[in-house]
Amino acid sequence: MKKLSLFVATGLLLSLSSCFASEEPIALYGFWEGLWHGVIIIVSLLIKLVSVIAHAINADYGNWNICVFSFQNEGLVYWVGFILGIFFNLGVFSRMRQVRRNQ
């Protein structure tokens with residue numbers, strides 16, 4: 001069961017990699033993109049950290065075009081979605097901790 005969940009988590013991380021914010025978006029990001037970027041912020045932060053460390057070790061590696069949030073967005077609409085996505089993460093993680101305590 002643990003191998004299956006690890007496999008599913010790895011698959012989800014790989015599929016999420018195409019949905020990160022980039023420095024050069026095709027169009028302006030709105031509410032739904034902001035919500036999604038808020039939901040995947042933890043994964044974005046981890047990959048950005050790995051990118052910075054890899055680039056510090058060797059200048060040829062780690063120059064990935066990944067941002068935590070989009071710089072070209074529709075303003076308040078994007079940020080409301082982004083903050084709601086972060087709140088969604090906080091709610092999910094607090095619920096997971098509560099479920100573990102009850103077991």
# chains A, B, ... in the order shown; residues from 1 in each chain; ligands from 1
>>> select_by_dssp(residues="stretch 48-89 of chain A", states="helix (DSSP H, G or I)", output="ChimeraX atom specification")
/A:48-57,76-89
>>> residues_around(residues="A:Leu49", least_positions_apart="6", cutoff="12 Å", atoms="only C-alpha atoms", output="JSON, numbers by chain")
{"A": [42, 43, 55, 56, 62, 63, 64, 66, 67, 68]}
>>> write_last_selection(atoms="C-alpha atoms", output="PDB file, in the first residue's frame")
ATOM      1  CA  ILE A  42       4.545  23.979  -1.539  1.00  0.00           C
ATOM      2  CA  VAL A  43       5.652  21.959  -4.551  1.00  0.00           C
ATOM      3  CA  HIS A  55      22.456  26.418 -10.006  1.00  0.00           C
ATOM      4  CA  ALA A  56      24.749  27.384  -7.108  1.00  0.00           C
ATOM      5  CA  GLY A  62      19.128  24.443 -12.245  1.00  0.00           C
ATOM      6  CA  ASN A  63      18.231  27.345 -14.497  1.00  0.00           C
ATOM      7  CA  TRP A  64      14.566  26.346 -14.580  1.00  0.00           C
ATOM      8  CA  ILE A  66       9.709  28.265 -12.393  1.00  0.00           C
ATOM      9  CA  CYS A  67       8.167  30.958 -10.209  1.00  0.00           C
ATOM     10  CA  VAL A  68       6.145  30.646  -7.028  1.00  0.00           C
TER      11      VAL A  68
END
>>> residues_around(residues="stretch 29-33 of chain A", least_positions_apart="4", cutoff="9 Å", atoms="only C-alpha atoms", output="JSON, numbers by chain")
{"A": [19, 21, 25, 37, 38, 70, 71, 72, 73, 74, 75, 76, 77, 78, 79, 80, 81, 82]}
>>> closest_residue(among="A:Ala59, A:Ala9, A:Ile86, A:Ala54", to="A:Trp36", atoms="only C-alpha atoms")
A:Ile86
>>> atom_distance(atom1="atom CA of A:Ile57", atom2="atom CA of A:Leu6")
28.5 Å
>>> atom_distance(atom1="atom CA of A:Phe88", atom2="atom CA of A:Ile47")
20.1 Å
